[in-house]
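Chemist: What follows is a structure written as structure tokens; I'll ask about it next.
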There are 2 protein chains.
Amino acid sequence: MLEHLRYADGALHLLDQRVLPLEERWIVCESPAEVARAITDMVVRGAPAIGVAAAYGMAMAAAQGLDLEKTRALLLASRPTAVNLRWALERLAACSAERMLEEALEIHREDVAINRAIGEAGAELLPDGAQVYHHCNTGTLATGGWGTALGIIRSAHARGKLRQVWVGETRPYLQGARLTAYELLVESIPCALVTDSTAASLMASGRVDAVLVGCDRVAANGDTANKIGTLGLAVLAKHFGVPFYVAMPLSTLDARCPDGSQIPIELRGAEEVRGYRDTLWAPPVEVHNPAFDVTPAALITGWVTERGLWSPTAG
Amino acid sequence: MLEHLRYADGALHLLDQRVLPLEERWIVCESPAEVARAITDMVVRGAPAIGVAAAYGMAMAAAQGLDLEKTRALLLASRPTAVNLRWALERLAACSAERMLEEALEIHREDVAINRAIGEAGAELLPDGAQVYHHCNTGTLATGGWGTALGIIRSAHARGKLRQVWVGETRPYLQGARLTAYELLVESIPCALVTDSTAASLMASGRVDAVLVGCDRVAANGDTANKIGTLGLAVLAKHFGVPFYVAMPLSTLDARCPDGSQIPIELRGAEEVRGYRDTLWAPPVEVHNPAFDVTPAALITGWVTERGLWSPTAG
């Protein structure tokens with residue numbers, strides 16, 4: 001399996017997702033502040049992966065004898081939307097300083113096992129010869145390993161059920177074009193890259209049997225925050241009668257959050273939309289760049305968890 | 001008014017839309033073959049603008065004593081979806097060789113007048129303080145001048161009715177980010193650039209009073225081919241109860257085409273999606289890149305023409 005996040009010699013080593021797939025550069029974080037910075041800057045991204053990274057950040061603070069409460073606050077503030085960050089930090093807060101590294105390693109191992117269980121449960125739901133549409137990156141790179149929505153794709157491919165993955169490029173940060181396409185290409189899973197605007201015509205022409213997405217935070221009523229564009233895909237799926245599944249580790253469920261209106265949505269900078277890295281194509285116009293949107297529960301066919309399908313009414 | 005297309009000294013001068021807004025480079029086409037190439041390569045794009053350019057290409061063929069039938073076929077094949085190309089070439093075919101330049105100039109002048117009439121008719125439909133969502137580029141650069149959907153925006157702004165334009169960036173070719181943002185910025189029309197995936201969350205939060213798009217070909221039943229992403233916007237607008245208007249010069253109506261299934265959809269190259277110009281971000285994965293999609297008539301609130309609202313039942 002592709003490796004992108006490992007704790008070694010007291011430091012967190014991260015495969016820099018800002019420059020993949022054209023460069024494979026590792027960033028070494030030697031302090032919790034460096035871990036928080038790597039999360040904010042999206043060296044590591046994806047709700048489960050930032051939970052794992054934050055756990056290692058706490059373990060580092062414990063090993064270095066830093067103020068644990070301050071470190072927790074610093075890591076919690078690194079990105080606002082994904083609840084896994086808070087969940088991981090709360091698990092660590094319940095440990096003694098001596099046990100923190102062990103707990104972080106356990107969270108990491110657990111996450112891979114959870115993803116494999118989600119993969120198996122989701123693969124069951126797909127028809128033979130399935131064509132699926134996938135948004136953003138929810139794979140190994142977004143998690144401790146294997147992936148959530150992309151874990152379902154991996155599991156379906158392993159069972160020989162998968163005909164095609166439509167890879168939505170996911171502007172502005174291009175997680176689909178850069179990271180999902182890279183993961184699928186490495187494993188020879190049949191796929192084609194499309195712009196986000198192409199989803200409607202694919203669904204209209206019957207070439208999508210299911211939409212698969214991950215999530216950053218799910219409210220108690222099932223409203224789901226995920227990468228910007230998810231809401232639009234859910235509306236399209238409803239219109240065209242295509243099942244819309246959210247792959248959701250139970251750690252992404254925020255039982256304290258009653259509904260989607262309570263989920264903070266991160267607004268990011270203009271430069272992500274005006275161009276790509278050093279390449280600029282737009283004039284210096286104002287930009288509105290929310291990183292996430294909220295999909296109402298009513299538009300979601302099912303939430304696939306490590307314990308099978310969850311639903312807000314049953315939950 | 002911004003100038004981007006002029007016929008002078010027997011040549012067609014085109015502001016190169018591939019490199020706007022960061023570079024203002026003019027391309028001079030001295031033969032109809034060069035005009036056809038400029039259309040194919042998208043030096044000039046937008047259904048009305050390529051109709052005008054093709055008309056000048058025919059005038060050039062007449063002036064140079066070239067085979068008019070061969071030239072017509074060459075220009076007609078330069079791009080497949082927009083019907084304005086065929087319409088302009090048929091108008092020229094009905095002229096004597098001596099009259100062709102005059103007819104091309106007339107088509108160009110007429111197009112500006114048509115756009116102004118569309119602008120006035122469309123501005124009537126918007127509420128005061130309107131926030132509108134616009135896709136692709138339908139402005140001066142896409143037409144002989146003023147613009148179709150962007151003409152409505154210009155007219156509404158001139159009347160003081162316009163609060164905000166959400167400029168959809170329009171991947172892969174970024175006509176919104178590059179061209180529409182540029183036109184609006186030049187004229188100080190209030191706007192913000194967004195990724196195409198942001199439209200749903202804007203509509204969900206009540207920040208869109210109307211969606212305005214252009215069109216490349218409208219079938220007799222009202223099915224409308226336009227830039228990829230239009231269909232998705234129409235589905236979203238229906239879902240969120242937002243009016244969805246197509247700005248349509250009557251020359252874009254293809255009465256010979258019964259419905260959308262008969263409209264040819266251009267598939268373009270992978271390189272447009274794998275990156276932007278010389279900047280590559282995706283691995284060498286397969287790409288599916290249709291340049292247009294077809295929106296069924298039932299999703300469209302109204303077609304705004306130079307003679308007011310058109311509808312397929314009345315038409």
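Naming scheme: A, B, ... for chains in displayed order of the structure tokens; residues 1 onward per chain; ligands 1 onward as shown.
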Please, which residues of chain A lie no more than 9 Å from chain B when the count uses only C-alpha atoms, and can they be set out as a VMD selection string?
Modeler: chain A and resid 19 to 22 166 169 to 172 174 176 to 179 181 to 182 184 to 185 190 to 201 228 to 233 235 to 236 239 270 273 to 276 279 to 290 292 to 294
Chemist: Excluding segment 28-34 of chain A and its own-chain neighbours fewer than 2 positions away, which residues fall within 7 Å of it when counting only C-alpha atoms? Please give them as a list of chain:residue names.
Modeler: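 Here the qualifying residues turn out to be A:Ala11, A:Leu12, A:His13, A:Leu14, A:Trp26, A:Ala36, A:Arg37, A:Ala38, A:Gly57, A:Met58, A:Met60, A:Ala61, A:Thr71.
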Chemist: Between atom CA of Ala88 of chain B and atom CA of Thr148 of chain B, measure the distance and give it in Å to one decimal.
Modeler: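 It comes out at 17.2 Å.
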Chemist: If you run DSSP on the backbone, which residues of segment 136-287 of chain B are strand (DSSP E), as a ChimeraX atom specification?
Modeler: /B:162-168,191-194,210-213,217-219,224-227,244-247,253-254,275-276,279-280
Chemist: Any idea what's packed within 9 Å of Arg217 of chain B, counting only C-alpha atoms, ignoring anything in its chain fewer than 5 positions away? Could you give it as a VMD selection string?
Modeler: chain B and resid 47 81 to 84 223 to 226 248 251 to 254 260 263
Chemist: Can those selected residues be exported to a file as an mmCIF file, in the first residue's frame so that it contains C-alpha atoms?
Modeler:
data_model
loop_
_atom_site.group_PDB
_atom_site.id
_atom_site.type_symbol
_atom_site.label_atom_id
_atom_site.label_comp_id
_atom_site.auth_asym_id
_atom_site.auth_seq_id
_atom_site.Cartn_x
_atom_site.Cartn_y
_atom_site.Cartn_z
ATOM 1 C CA ALA B 47 -21.155 30.765 -30.772
ATOM 2 C CA THR B 81 -21.610 22.213 -31.926
ATOM 3 C CA ALA B 82 -22.483 25.884 -32.459
ATOM 4 C CA VAL B 83 -25.126 26.320 -35.136
ATOM 5 C CA ASN B 84 -24.228 29.989 -35.723
ATOM 6 C CA ASP B 223 -33.423 21.473 -25.735
ATOM 7 C CA THR B 224 -30.315 23.617 -25.377
ATOM 8 C CA ALA B 225 -26.679 22.749 -26.023
ATOM 9 C CA ASN B 226 -24.256 24.968 -24.161
ATOM 10 C CA MET B 248 -30.428 33.179 -27.293
ATOM 11 C CA SER B 251 -29.645 32.631 -35.112
ATOM 12 C CA THR B 252 -28.795 30.009 -32.476
ATOM 13 C CA LEU B 253 -32.166 28.312 -32.900
ATOM 14 C CA ASP B 254 -31.814 25.284 -35.153
ATOM 15 C CA GLY B 260 -31.278 17.699 -28.142
ATOM 16 C CA ILE B 263 -26.992 17.910 -31.475
#
Chemist: What is the atom CA of Ala62 of chain A to atom CA of Met100 of chain A distance in Å?
Modeler: 7.0 Å
Chemist: Hey, what's within 7 Å of segment 158-163 of chain A if we count only C-alpha atoms and toss same-chain stuff fewer than 3 positions away? As a ChimeraX atom specification, please?
Modeler: /A:128-131,154-155,190
Chemist: Based on DSSP run over this structure's backbone, return all residues of segment 144-216 of chain A in helix (DSSP H, G or I), as number ranges by chain.
Modeler: A: 149-158, 175-186, 196-204
Chemist: Residues within 10 Å of segment 5-10 of chain A, please, as a ChimeraX atom specification. Count only C-alpha atoms; anything in the same chain fewer than 6 positions from it doesn't count.
Modeler: /A:16,26-31,44,49,52-53,56-57,59-61,63-64,101,104-105,108,140-141,143-145
Chemist: Between atom CA of Arg45 of chain A and atom CA of Leu15 of chain A, what is the spacing in Å?
Modeler: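 For atom CA of Leu15 of chain A relative to atom CA of Arg45 of chain A, the distance reads 10.7 Å.
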Chemist: Please list as a PyMOL selection string every residue within 7 Å of Cys257 of chain A, counting only C-alpha atoms and excluding residues in the same chain fewer than 5 positions away.
Modeler: chain A and resi 219-220+262
Chemist: Residues as selected, C-alpha atoms, written as a PDB file, in the first residue's frame, can you do that?
Modeler:
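Result went into selection10.pdb, see below:
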ATOM      1  CA  ALA A 219     -24.576  16.031  12.069  1.00  0.00           C
ATOM      2  CA  ALA A 220     -26.896  13.913  14.218  1.00  0.00           C
ATOM      3  CA  GLN A 262     -24.228  24.231  12.996  1.00  0.00           C
TER       4      GLN A 262
END
